[in-house]
$ cat model_5.pdb   # PDB, C-alpha atoms
ATOM      1  CA  MET A   3      41.918-168.701 -26.082
ATOM      2  CA  VAL A   4      40.875-165.272 -24.774
ATOM      3  CA  ASP A   5      43.789-162.937 -23.974
ATOM      4  CA  ARG A   6      43.951-161.567 -20.446
ATOM      5  CA  PRO A   7      43.475-157.790 -20.302
ATOM      6  CA  ARG A   8      46.580-155.686 -19.800
ATOM      7  CA  LEU A   9      47.552-155.105 -16.190
ATOM      8  CA  LEU A  10      46.589-151.422 -16.128
ATOM      9  CA  ASP A  11      43.199-152.311 -17.583
ATOM     10  CA  GLN A  12      42.803-154.910 -14.823
ATOM     11  CA  VAL A  13      43.529-152.195 -12.256
ATOM     12  CA  ARG A  14      40.884-149.944 -13.825
ATOM     13  CA  HIS A  15      38.341-152.748 -13.896
ATOM     14  CA  LYS A  16      38.888-153.675 -10.248
ATOM     15  CA  ILE A  17      38.677-150.044  -9.122
ATOM     16  CA  ARG A  18      35.354-149.624 -10.916
ATOM     17  CA  LEU A  19      34.008-152.829  -9.409
ATOM     18  CA  LYS A  20      34.789-151.409  -5.974
ATOM     19  CA  HIS A  21      33.149-148.067  -6.881
ATOM     20  CA  TYR A  22      36.230-145.934  -6.339
ATOM     21  CA  SER A  23      36.186-142.436  -7.812
ATOM     22  CA  TYR A  24      37.607-141.602 -11.228
ATOM     23  CA  ARG A  25      40.298-139.471  -9.547
ATOM     24  CA  THR A  26      41.402-142.501  -7.499
ATOM     25  CA  GLU A  27      41.387-144.610 -10.656
ATOM     26  CA  LYS A  28      43.711-142.214 -12.468
ATOM     27  CA  THR A  29      45.985-141.918  -9.436
ATOM     28  CA  TYR A  30      46.309-145.671  -8.804
ATOM     29  CA  VAL A  31      46.861-146.451 -12.485
ATOM     30  CA  GLU A  32      49.579-143.800 -12.700
ATOM     31  CA  TRP A  33      51.418-145.097  -9.611
ATOM     32  CA  THR A  34      51.243-148.656 -10.951
ATOM     33  CA  ARG A  35      52.671-147.476 -14.280
ATOM     34  CA  ARG A  36      55.506-145.585 -12.552
ATOM     35  CA  TYR A  37      56.300-148.590 -10.345
ATOM     36  CA  ILE A  38      56.570-150.876 -13.389
ATOM     37  CA  HIS A  39      58.783-148.431 -15.303
ATOM     38  CA  PHE A  40      61.027-147.943 -12.268
ATOM     39  CA  HIS A  41      61.777-151.674 -12.323
ATOM     40  CA  GLN A  42      62.529-151.715 -16.070
ATOM     41  CA  LYS A  43      59.015-152.873 -17.015
ATOM     42  CA  ARG A  44      59.194-156.108 -15.053
ATOM     43  CA  HIS A  45      55.784-157.518 -14.184
ATOM     44  CA  PRO A  46      54.799-156.769 -10.555
ATOM     45  CA  ARG A  47      54.097-160.471 -10.114
ATOM     46  CA  ASP A  48      57.855-161.038 -10.365
ATOM     47  CA  LEU A  49      58.668-158.394  -7.750
ATOM     48  CA  ASN A  50      58.544-158.537  -3.970
ATOM     49  CA  ALA A  51      58.329-156.343  -0.882
ATOM     50  CA  GLY A  52      61.981-155.337  -1.311
ATOM     51  CA  HIS A  53      61.223-153.911  -4.741
ATOM     52  CA  ILE A  54      58.338-151.929  -3.313
ATOM     53  CA  GLU A  55      60.598-150.474  -0.605
ATOM     54  CA  GLN A  56      63.153-149.531  -3.269
ATOM     55  CA  PHE A  57      60.475-147.639  -5.187
ATOM     56  CA  LEU A  58      59.182-145.819  -2.106
ATOM     57  CA  THR A  59      62.743-144.936  -1.067
ATOM     58  CA  HIS A  60      63.379-143.579  -4.561
ATOM     59  CA  LEU A  61      60.323-141.334  -4.234
ATOM     60  CA  ALA A  62      61.494-139.954  -0.894
ATOM     61  CA  VAL A  63      65.250-139.672  -1.506
ATOM     62  CA  ASP A  64      65.537-138.968  -5.238
ATOM     63  CA  ARG A  65      62.208-137.353  -6.046
ATOM     64  CA  HIS A  66      61.791-135.572  -2.678
ATOM     65  CA  VAL A  67      58.053-136.207  -2.612
ATOM     66  CA  ALA A  68      55.983-135.318   0.439
ATOM     67  CA  ALA A  69      55.075-138.006   2.963
ATOM     68  CA  LYS A  70      51.456-137.792   1.842
ATOM     69  CA  THR A  71      52.465-138.543  -1.752
ATOM     70  CA  GLN A  72      54.643-141.464  -0.682
ATOM     71  CA  ASN A  73      51.745-142.917   1.315
ATOM     72  CA  GLN A  74      49.470-142.493  -1.700
ATOM     73  CA  ALA A  75      51.918-144.560  -3.787
ATOM     74  CA  LEU A  76      51.980-147.269  -1.101
ATOM     75  CA  SER A  77      48.164-147.407  -1.054
ATOM     76  CA  ALA A  78      48.135-147.857  -4.827
ATOM     77  CA  LEU A  79      50.621-150.732  -4.630
ATOM     78  CA  LEU A  80      48.733-152.370  -1.770
ATOM     79  CA  PHE A  81      45.641-152.270  -3.976
ATOM     80  CA  LEU A  82      47.577-153.691  -6.919
ATOM     81  CA  TYR A  83      48.880-156.712  -5.038
ATOM     82  CA  LYS A  84      45.910-157.463  -2.788
ATOM     83  CA  GLU A  85      42.973-156.657  -5.040
ATOM     84  CA  VAL A  86      44.237-157.083  -8.603
ATOM     85  CA  LEU A  87      47.009-159.673  -8.525
ATOM     86  CA  VAL A  88      45.661-161.364  -5.360
ATOM     87  CA  ILE A  89      49.208-161.977  -4.171
ATOM     88  CA  ASP A  90      50.062-162.064  -0.504
ATOM     89  CA  ILE A  91      53.469-160.460  -0.139
ATOM     90  CA  PRO A  92      54.876-160.948   3.375
ATOM     91  CA  PHE A  93      55.222-157.711   5.353
ATOM     92  CA  LEU A  94      53.587-155.600   2.635
ATOM     93  CA  GLY A  95      50.583-154.743   4.777
ATOM     94  CA  ASP A  96      52.886-153.971   7.711
ATOM     95  CA  MET A  97      55.037-151.469   5.867
ATOM     96  CA  VAL A  98      55.361-148.322   7.920
ATOM     97  CA  ARG A  99      53.818-145.342   6.197
ATOM     98  CA  ALA A 100      55.789-142.134   6.028
ATOM     99  CA  LYS A 101      55.010-139.858   8.942
ATOM    100  CA  THR A 102      53.183-136.773   7.756
ATOM    101  CA  SER A 103      53.924-133.427   9.364
ATOM    102  CA  ARG A 104      51.140-131.917  11.415
ATOM    103  CA  ARG A 105      51.115-128.312  10.302
ATOM    104  CA  ILE A 106      49.023-125.422  11.533
ATOM    105  CA  PRO A 107      46.575-124.578   8.737
ATOM    106  CA  ILE A 108      46.628-121.282   6.883
ATOM    107  CA  VAL A 109      43.530-119.256   7.742
ATOM    108  CA  PHE A 110      42.040-116.037   6.379
ATOM    109  CA  THR A 111      40.839-113.292   8.649
ATOM    110  CA  GLU A 112      37.228-112.344   7.969
ATOM    111  CA  GLU A 113      38.397-109.252   6.084
ATOM    112  CA  GLU A 114      40.835-111.280   3.974
ATOM    113  CA  ALA A 115      38.117-113.795   3.100
ATOM    114  CA  ARG A 116      35.827-110.926   2.086
ATOM    115  CA  GLN A 117      38.507-109.343  -0.123
ATOM    116  CA  VAL A 118      39.477-112.598  -1.857
ATOM    117  CA  ILE A 119      35.830-113.388  -2.624
ATOM    118  CA  ALA A 120      35.385-109.851  -3.975
ATOM    119  CA  ALA A 121      38.381-110.410  -6.289
ATOM    120  CA  LEU A 122      36.933-113.573  -7.825
ATOM    121  CA  GLN A 123      35.513-113.786 -11.322
ATOM    122  CA  PRO A 124      31.693-113.522 -10.974
ATOM    123  CA  ASP A 125      30.973-117.090 -12.134
ATOM    124  CA  TYR A 126      33.043-118.534  -9.287
ATOM    125  CA  VAL A 127      31.873-116.428  -6.368
ATOM    126  CA  LEU A 128      29.051-118.768  -5.301
ATOM    127  CA  PRO A 129      31.067-122.031  -5.137
ATOM    128  CA  VAL A 130      33.788-120.260  -3.138
ATOM    129  CA  GLN A 131      31.162-118.799  -0.806
ATOM    130  CA  LEU A 132      30.051-122.379  -0.105
ATOM    131  CA  LEU A 133      33.633-123.445   0.628
ATOM    132  CA  TYR A 134      33.780-120.731   3.272
ATOM    133  CA  GLY A 135      30.153-120.554   4.395
ATOM    134  CA  SER A 136      29.502-124.310   4.599
ATOM    135  CA  GLY A 137      32.989-125.710   5.165
ATOM    136  CA  LEU A 138      32.848-127.870   2.051
ATOM    137  CA  ARG A 139      35.893-129.594   0.651
ATOM    138  CA  LEU A 140      36.714-128.658  -2.933
ATOM    139  CA  MET A 141      35.390-131.884  -4.472
ATOM    140  CA  GLU A 142      32.318-131.852  -2.226
ATOM    141  CA  CYS A 143      31.485-128.440  -3.638
ATOM    142  CA  VAL A 144      31.923-129.174  -7.344
ATOM    143  CA  ARG A 145      30.123-132.534  -7.008
ATOM    144  CA  LEU A 146      27.147-131.061  -5.142
ATOM    145  CA  ARG A 147      23.823-132.254  -6.591
ATOM    146  CA  VAL A 148      20.497-130.449  -6.693
ATOM    147  CA  LYS A 149      18.718-132.946  -4.418
ATOM    148  CA  ASP A 150      21.231-132.360  -1.620
ATOM    149  CA  VAL A 151      20.461-128.662  -1.231
ATOM    150  CA  GLU A 152      17.667-128.301   1.337
ATOM    151  CA  PHE A 153      16.459-124.707   1.353
ATOM    152  CA  HIS A 154      13.637-125.275   3.839
ATOM    153  CA  ARG A 155      16.060-126.618   6.443
ATOM    154  CA  ARG A 156      18.896-124.336   5.396
ATOM    155  CA  GLN A 157      21.295-127.199   5.126
ATOM    156  CA  ILE A 158      23.443-129.072   2.623
ATOM    157  CA  VAL A 159      23.748-132.844   2.702
ATOM    158  CA  VAL A 160      27.257-133.945   1.790
ATOM    159  CA  ARG A 161      27.090-137.408   0.248
ATOM    160  CA  ASP A 162      29.999-139.822   0.299
ATOM    161  CA  GLY A 163      32.479-137.349   1.760
ATOM    162  CA  LYS A 164      35.994-138.207   2.849
ATOM    163  CA  GLY A 165      36.037-141.715   4.277
ATOM    164  CA  GLY A 166      32.780-142.543   2.474
ATOM    165  CA  LYS A 167      30.674-140.761   5.102
ATOM    166  CA  ASP A 168      27.588-138.581   4.694
ATOM    167  CA  ARG A 169      27.135-135.480   6.809
ATOM    168  CA  VAL A 170      24.971-132.389   7.093
ATOM    169  CA  THR A 171      26.338-128.852   7.114
ATOM    170  CA  ILE A 172      24.828-125.387   7.104
ATOM    171  CA  LEU A 173      23.485-123.503   4.093
ATOM    172  CA  PRO A 174      24.330-119.809   4.634
ATOM    173  CA  ALA A 175      21.239-117.597   4.441
ATOM    174  CA  SER A 176      23.260-114.997   2.521
ATOM    175  CA  VAL A 177      23.714-117.274  -0.519
ATOM    176  CA  ILE A 178      20.162-118.612  -0.822
ATOM    177  CA  ASP A 179      19.062-116.124  -3.499
ATOM    178  CA  SER A 180      22.264-116.655  -5.508
ATOM    179  CA  LEU A 181      21.930-120.424  -5.189
ATOM    180  CA  ARG A 182      18.324-120.370  -6.385
ATOM    181  CA  MET A 183      19.434-118.328  -9.396
ATOM    182  CA  GLN A 184      22.251-120.798 -10.097
ATOM    183  CA  LEU A 185      19.788-123.687 -10.012
ATOM    184  CA  ARG A 186      17.516-121.894 -12.462
ATOM    185  CA  LYS A 187      20.449-121.511 -14.876
ATOM    186  CA  ALA A 188      21.415-125.170 -14.421
ATOM    187  CA  LYS A 189      17.834-126.282 -15.050
ATOM    188  CA  VAL A 190      17.661-124.332 -18.315
ATOM    189  CA  MET A 191      20.809-126.174 -19.495
ATOM    190  CA  HIS A 192      19.407-129.511 -18.352
ATOM    191  CA  GLU A 193      16.096-129.008 -20.150
ATOM    192  CA  ARG A 194      17.956-127.983 -23.310
ATOM    193  CA  ASP A 195      20.085-131.147 -23.059
ATOM    194  CA  LEU A 196      16.960-133.275 -22.714
ATOM    195  CA  ARG A 197      15.473-131.704 -25.839
ATOM    196  CA  ASP A 198      18.721-132.442 -27.681
ATOM    197  CA  GLY A 199      18.638-136.098 -26.646
ATOM    198  CA  TYR A 200      21.115-135.848 -23.790
ATOM    199  CA  GLY A 201      20.614-134.781 -20.151
ATOM    200  CA  GLU A 202      21.918-137.901 -18.398
ATOM    201  CA  VAL A 203      24.401-137.251 -15.599
ATOM    202  CA  SER A 204      26.863-139.770 -14.145
ATOM    203  CA  LEU A 205      25.643-141.499 -10.987
ATOM    204  CA  PRO A 206      27.638-142.877  -8.066
ATOM    205  CA  TYR A 207      28.191-146.605  -7.664
ATOM    206  CA  ALA A 208      25.803-148.837  -9.635
ATOM    207  CA  LEU A 209      22.716-146.643  -9.330
ATOM    208  CA  SER A 210      22.486-146.248 -13.106
ATOM    209  CA  THR A 211      21.994-150.009 -13.374
ATOM    210  CA  LYS A 212      19.417-150.180 -10.609
ATOM    211  CA  TYR A 213      17.580-147.015 -11.724
ATOM    212  CA  PRO A 214      18.243-146.575 -15.469
ATOM    213  CA  ARG A 215      16.337-143.264 -15.757
ATOM    214  CA  ALA A 216      17.636-141.656 -12.567
ATOM    215  CA  GLY A 217      20.519-139.973 -14.380
ATOM    216  CA  PHE A 218      18.028-137.907 -16.377
ATOM    217  CA  GLU A 219      16.176-136.624 -13.309
ATOM    218  CA  TRP A 220      16.608-133.016 -12.230
ATOM    219  CA  GLY A 221      17.464-133.897  -8.628
ATOM    220  CA  TRP A 222      20.595-135.804  -9.655
ATOM    221  CA  GLN A 223      22.038-132.975 -11.756
ATOM    222  CA  PHE A 224      25.091-131.062 -10.582
ATOM    223  CA  VAL A 225      24.541-127.654  -9.014
ATOM    224  CA  PHE A 226      27.614-126.329 -10.864
ATOM    225  CA  PRO A 227      27.543-127.925 -14.330
ATOM    226  CA  THR A 228      30.042-127.179 -17.073
ATOM    227  CA  THR A 229      29.040-124.908 -19.917
ATOM    228  CA  GLN A 230      29.843-127.603 -22.495
ATOM    229  CA  ARG A 231      29.075-131.318 -22.652
ATOM    230  CA  SER A 232      31.985-133.762 -22.859
ATOM    231  CA  ILE A 233      32.644-137.480 -23.229
ATOM    232  CA  ASP A 234      32.527-139.421 -19.978
ATOM    233  CA  PRO A 235      35.870-141.321 -19.819
ATOM    234  CA  ARG A 236      34.247-144.341 -18.161
ATOM    235  CA  SER A 237      30.977-144.758 -20.041
ATOM    236  CA  GLY A 238      31.938-143.112 -23.320
ATOM    237  CA  LYS A 239      28.642-141.173 -23.242
ATOM    238  CA  GLU A 240      28.350-137.465 -23.979
ATOM    239  CA  ARG A 241      27.314-135.795 -20.745
ATOM    240  CA  ARG A 242      27.427-132.507 -18.876
ATOM    241  CA  HIS A 243      29.924-132.888 -16.083
ATOM    242  CA  HIS A 244      30.430-130.690 -13.033
ATOM    243  CA  LEU A 245      32.780-127.731 -12.792
ATOM    244  CA  HIS A 246      36.345-129.043 -12.801
ATOM    245  CA  HIS A 247      38.139-128.693  -9.486
ATOM    246  CA  SER A 248      41.322-127.354 -11.095
ATOM    247  CA  VAL A 249      39.419-124.410 -12.592
ATOM    248  CA  LEU A 250      38.202-123.393  -9.149
ATOM    249  CA  GLN A 251      41.659-123.863  -7.639
ATOM    250  CA  LYS A 252      43.294-121.624 -10.256
ATOM    251  CA  THR A 253      40.576-119.004  -9.913
ATOM    252  CA  VAL A 254      41.024-118.807  -6.137
ATOM    253  CA  ARG A 255      44.780-118.598  -6.462
ATOM    254  CA  ALA A 256      44.463-115.741  -8.953
ATOM    255  CA  ALA A 257      42.106-113.898  -6.573
ATOM    256  CA  VAL A 258      44.538-114.339  -3.665
ATOM    257  CA  LEU A 259      47.376-112.884  -5.734
ATOM    258  CA  LYS A 260      45.150-110.044  -6.916
ATOM    259  CA  SER A 261      44.287-109.257  -3.299
ATOM    260  CA  GLY A 262      47.982-108.884  -2.479
ATOM    261  CA  PHE A 263      48.025-111.235   0.514
ATOM    262  CA  PRO A 264      51.396-112.894   1.227
ATOM    263  CA  LYS A 265      49.764-116.080   2.531
ATOM    264  CA  PRO A 266      50.133-119.180   0.294
ATOM    265  CA  ALA A 267      46.369-119.635   0.444
ATOM    266  CA  THR A 268      44.365-122.102  -1.658
ATOM    267  CA  SER A 269      40.722-123.040  -2.072
ATOM    268  CA  HIS A 270      41.087-125.277   1.002
ATOM    269  CA  THR A 271      42.006-122.209   3.084
ATOM    270  CA  PHE A 272      38.322-121.236   3.035
ATOM    271  CA  ARG A 273      37.408-124.537   4.725
ATOM    272  CA  HIS A 274      40.081-123.949   7.379
ATOM    273  CA  SER A 275      38.701-120.460   7.884
ATOM    274  CA  PHE A 276      35.149-121.802   8.275
ATOM    275  CA  ALA A 277      36.184-123.979  11.232
ATOM    276  CA  THR A 278      38.401-121.356  12.836
ATOM    277  CA  HIS A 279      35.842-118.573  12.627
ATOM    278  CA  LEU A 280      33.115-120.793  14.102
ATOM    279  CA  LEU A 281      35.360-121.565  17.068
ATOM    280  CA  GLU A 282      36.172-117.873  17.433
ATOM    281  CA  ALA A 283      32.442-117.177  17.519
ATOM    282  CA  GLY A 284      32.118-119.510  20.496
ATOM    283  CA  TYR A 285      30.594-122.595  18.893
ATOM    284  CA  ASP A 286      31.245-125.922  20.588
ATOM    285  CA  ILE A 287      34.158-127.890  19.132
ATOM    286  CA  ARG A 288      31.985-131.024  18.829
ATOM    287  CA  THR A 289      29.528-129.091  16.667
ATOM    288  CA  VAL A 290      32.369-127.890  14.461
ATOM    289  CA  GLN A 291      33.702-131.444  14.257
ATOM    290  CA  GLU A 292      30.354-132.683  12.918
ATOM    291  CA  LEU A 293      30.042-129.863  10.399
ATOM    292  CA  MET A 294      33.572-130.532   9.139
ATOM    293  CA  GLY A 295      33.057-134.292   8.994
ATOM    294  CA  HIS A 296      36.147-135.088  11.060
ATOM    295  CA  ARG A 297      36.347-138.621  12.409
ATOM    296  CA  ASP A 298      38.712-137.658  15.226
ATOM    297  CA  ILE A 299      38.187-134.530  17.319
ATOM    298  CA  ARG A 300      41.962-134.064  17.414
ATOM    299  CA  THR A 301      41.741-133.074  13.746
ATOM    300  CA  THR A 302      39.309-130.309  14.699
ATOM    301  CA  GLN A 303      41.401-129.232  17.676
ATOM    302  CA  ILE A 304      44.206-128.043  15.405
ATOM    303  CA  TYR A 305      42.073-124.985  14.640
ATOM    304  CA  THR A 306      42.295-123.885  18.261
ATOM    305  CA  HIS A 307      45.957-123.102  17.557
ATOM    306  CA  VAL A 308      45.092-120.361  15.091
ATOM    307  CA  LEU A 309      42.394-118.482  16.976
ATOM    308  CA  ASP A 310      42.987-114.747  16.894
ATOM    309  CA  LYS A 311      43.248-114.651  20.685
ATOM    310  CA  GLY A 312      46.546-116.543  20.579
ATOM    311  CA  ALA A 313      47.597-120.160  20.950
ATOM    312  CA  ASN A 314      44.729-122.180  22.400
ATOM    313  CA  ALA A 315      42.969-118.879  23.202
ATOM    314  CA  VAL A 316      45.359-118.343  26.145
ATOM    315  CA  ARG A 317      46.116-114.731  27.034
ATOM    316  CA  SER A 318      49.824-113.967  27.284
ATOM    317  CA  PRO A 319      51.061-113.102  30.799
ATOM    318  CA  LEU A 320      52.829-110.079  29.284
ATOM    319  CA  ASP A 321      49.467-108.731  28.100
ATOM    320  CA  ARG A 322      48.070-109.185  31.607
ATOM    321  CA  LEU A 323      50.959-107.159  33.056
ATOM    322  CA  ARG A 324      50.250-104.341  30.622
ATOM    323  CA  GLY A 325      46.519-104.549  31.389
TER     324      GLY A 325
END
$ encode --input "model_5.pdb" --output "structure tokens"
Amino acid sequence: MVDRPRLLDQVRHKIRLKHYSYRTEKTYVEWTRRYIHFHQKRHPRDLNAGHIEQFLTHLAVDRHVAAKTQNQALSALLFLYKEVLVIDIPFLGDMVRAKTSRRIPIVFTEEEARQVIAALQPDYVLPVQLLYGSGLRLMECVRLRVKDVEFHRRQIVVRDGKGGKDRVTILPASVIDSLRMQLRKAKVMHERDLRDGYGEVSLPYALSTKYPRAGFEWGWQFVFPTTQRSIDPRSGKERRHHLHHSVLQKTVRAAVLKSGFPKPATSHTFRHSFATHLLEAGYDIRTVQELMGHRDIRTTQIYTHVLDKGANAVRSPLDRLRG
């Protein structure tokens, strides 16, 4: 008789079958593990919706997690029961998600953005310029592949962005020379890997099965590869991965502190600044919505609250009196 795989291995297997990202895999496995330990290692099959509510309440009341984190835990448990255990728990799908606060985003002024970029370590200037100049999300930037940079059209194609959508955004003219130089460096590393018997990059979904040699092609390589090869946690193969997102996050944070700004800015602040500065320049909000990849225009409209002309670009009546 063949033993059934352990539950966490079943979760991993199902996530990979559905082509979820490795980050999602780690997150869902960790929430499943925490849920099991919270209930004294009882099997989730023996638990019900009440036990799930107890766990979510514990996260909110005892652990003081943010609403977004609590909702992430709920999504992981929904996946566990529906996709892995195939158990229909009454009311589970109808559980009310924690209401997330709608906060006004932190935005750099143009001068602040310039100073933070100037304070960056040289190797990280270009990726941060793309966060600000193209409005890329952090993971969209580090996962950018050579084939998706279109110099002749001055655009970047973002593949499988948030919500699984593709979109097109602008390639700033001011970074073209730097980007070409970065690609030349990446190609030298790739050609050296090929000579050493490596050079295969991880591919999304099941493309490596359909096109076995595609992972070796130059177009599929990452624009920002790591300096050292490492073992792919899924395939077990030695590969050159992309720049790790945490490295870029820490580098930006260090540059913000070095610049002396009191704002709790992060790498994502550059994306917020991209949208805000386009609106300040007079670009149509629908255009900005498309460049940002927002499904709902109300998400884009939040940037109208931080325009440097005041809330919703309305001039204060006091200023009119003084004028």
$ closest_residue --input "model_5.pdb" --among "A:Thr34, A:Thr111, A:Ser136, A:Gln230" --to "A:Thr278" --atoms "all atoms listed in the file"
A:Thr111
$ atom_distance --input "model_5.pdb" --atom1 "atom CA of A:Val225" --atom2 "atom CA of A:Val258"
24.6 Å
$ atom_distance --input "model_5.pdb" --atom1 "atom CA of A:Arg169" --atom2 "atom CA of A:Gly295"
6.4 Å
$ closest_residue --input "model_5.pdb" --among "A:Lys43, A:His296, A:Lys260, A:Lys187" --to "A:Ala120" --atoms "all atoms listed in the file"
A:Lys260
$ resolve_selection --input "model_5.pdb" --expression "the PyMOL selection byres ((chain A and resi 61-63) around 12)" --output "list in words"
Trp33, Arg36, Tyr37, Phe40, Ile54, Glu55, Gln56, Phe57, Leu58, Thr59, His60, Asp64, Arg65, His66, Val67, Ala68, Ala69, Lys70, Thr71, Gln72, Asn73, Gln74, Ala75, Leu76, Arg99, Ala100 and Lys101 of chain A
$ closest_residue --input "model_5.pdb" --among "A:Thr289, A:Thr29, A:Ser204, A:Thr271" --to "A:Asp234" --atoms "only C-alpha atoms"
A:Ser204
$ atom_distance --input "model_5.pdb" --atom1 "atom CA of A:Pro266" --atom2 "atom CA of A:His279"
18.9 Å
$ closest_residue --input "model_5.pdb" --among "A:Glu240, A:Asp168, A:Asp298, A:Asp150" --to "A:Val203" --atoms "all atoms listed in the file"
A:Glu240
$ resolve_selection --input "model_5.pdb" --expression "the PyMOL selection byres ((chain A and resi 178) around 12)" --output "NGL selection string"
:A and (128 or 131-132 or 135 or 151-158 or 172-177 or 179-185)
$ resolve_selection --input "model_5.pdb" --expression "the PyMOL selection byres ((chain A and resi 268) around 7)" --output "PyMOL selection string"
chain A and resi 251+254-255+266-267+269-271
$ residues_around --input "model_5.pdb" --residues "A:His15" --least-positions-apart "2" --cutoff "12 Å" --atoms "only C-alpha atoms" --output "list in words"
Pro7, Arg8, Leu9, Leu10, Asp11, Gln12, Val13, Ile17, Arg18, Leu19, Lys20, His21, Tyr22, Tyr24, Glu27, Lys28, Tyr30, Val31, Leu82, Glu85, Val86 and Arg236 of chain A
$ closest_residue --input "model_5.pdb" --among "A:Arg194, A:His244, A:Lys252, A:Lys149" --to "A:Glu219" --atoms "all atoms listed in the file"
A:Lys149
$ residues_near_point --input "model_5.pdb" --point "(46.4, -123.8, 10.8)" --cutoff "7 Å" --atoms "all atoms listed in the file" --output "compact mmCIF listing (two decimals) with C-alpha atoms, keeping the file's coordinate frame"
# COMPACT_ATOMS: atom_id res chain seq x y z
CA ARG A 105 51.12 -128.31 10.30
CA ILE A 106 49.02 -125.42 11.53
CA PRO A 107 46.58 -124.58 8.74
CA ILE A 108 46.63 -121.28 6.88
CA VAL A 109 43.53 -119.26 7.74
CA ILE A 304 44.21 -128.04 15.40
CA TYR A 305 42.07 -124.98 14.64
CA HIS A 307 45.96 -123.10 17.56
CA VAL A 308 45.09 -120.36 15.09
$ residues_around --input "model_5.pdb" --residues "A:Gly137" --least-positions-apart "2" --cutoff "8 Å" --atoms "all atoms listed in the file" --output "VMD selection string"
chain A and resid 132 to 135 139 171 272 to 274 276 to 277 293 to 294
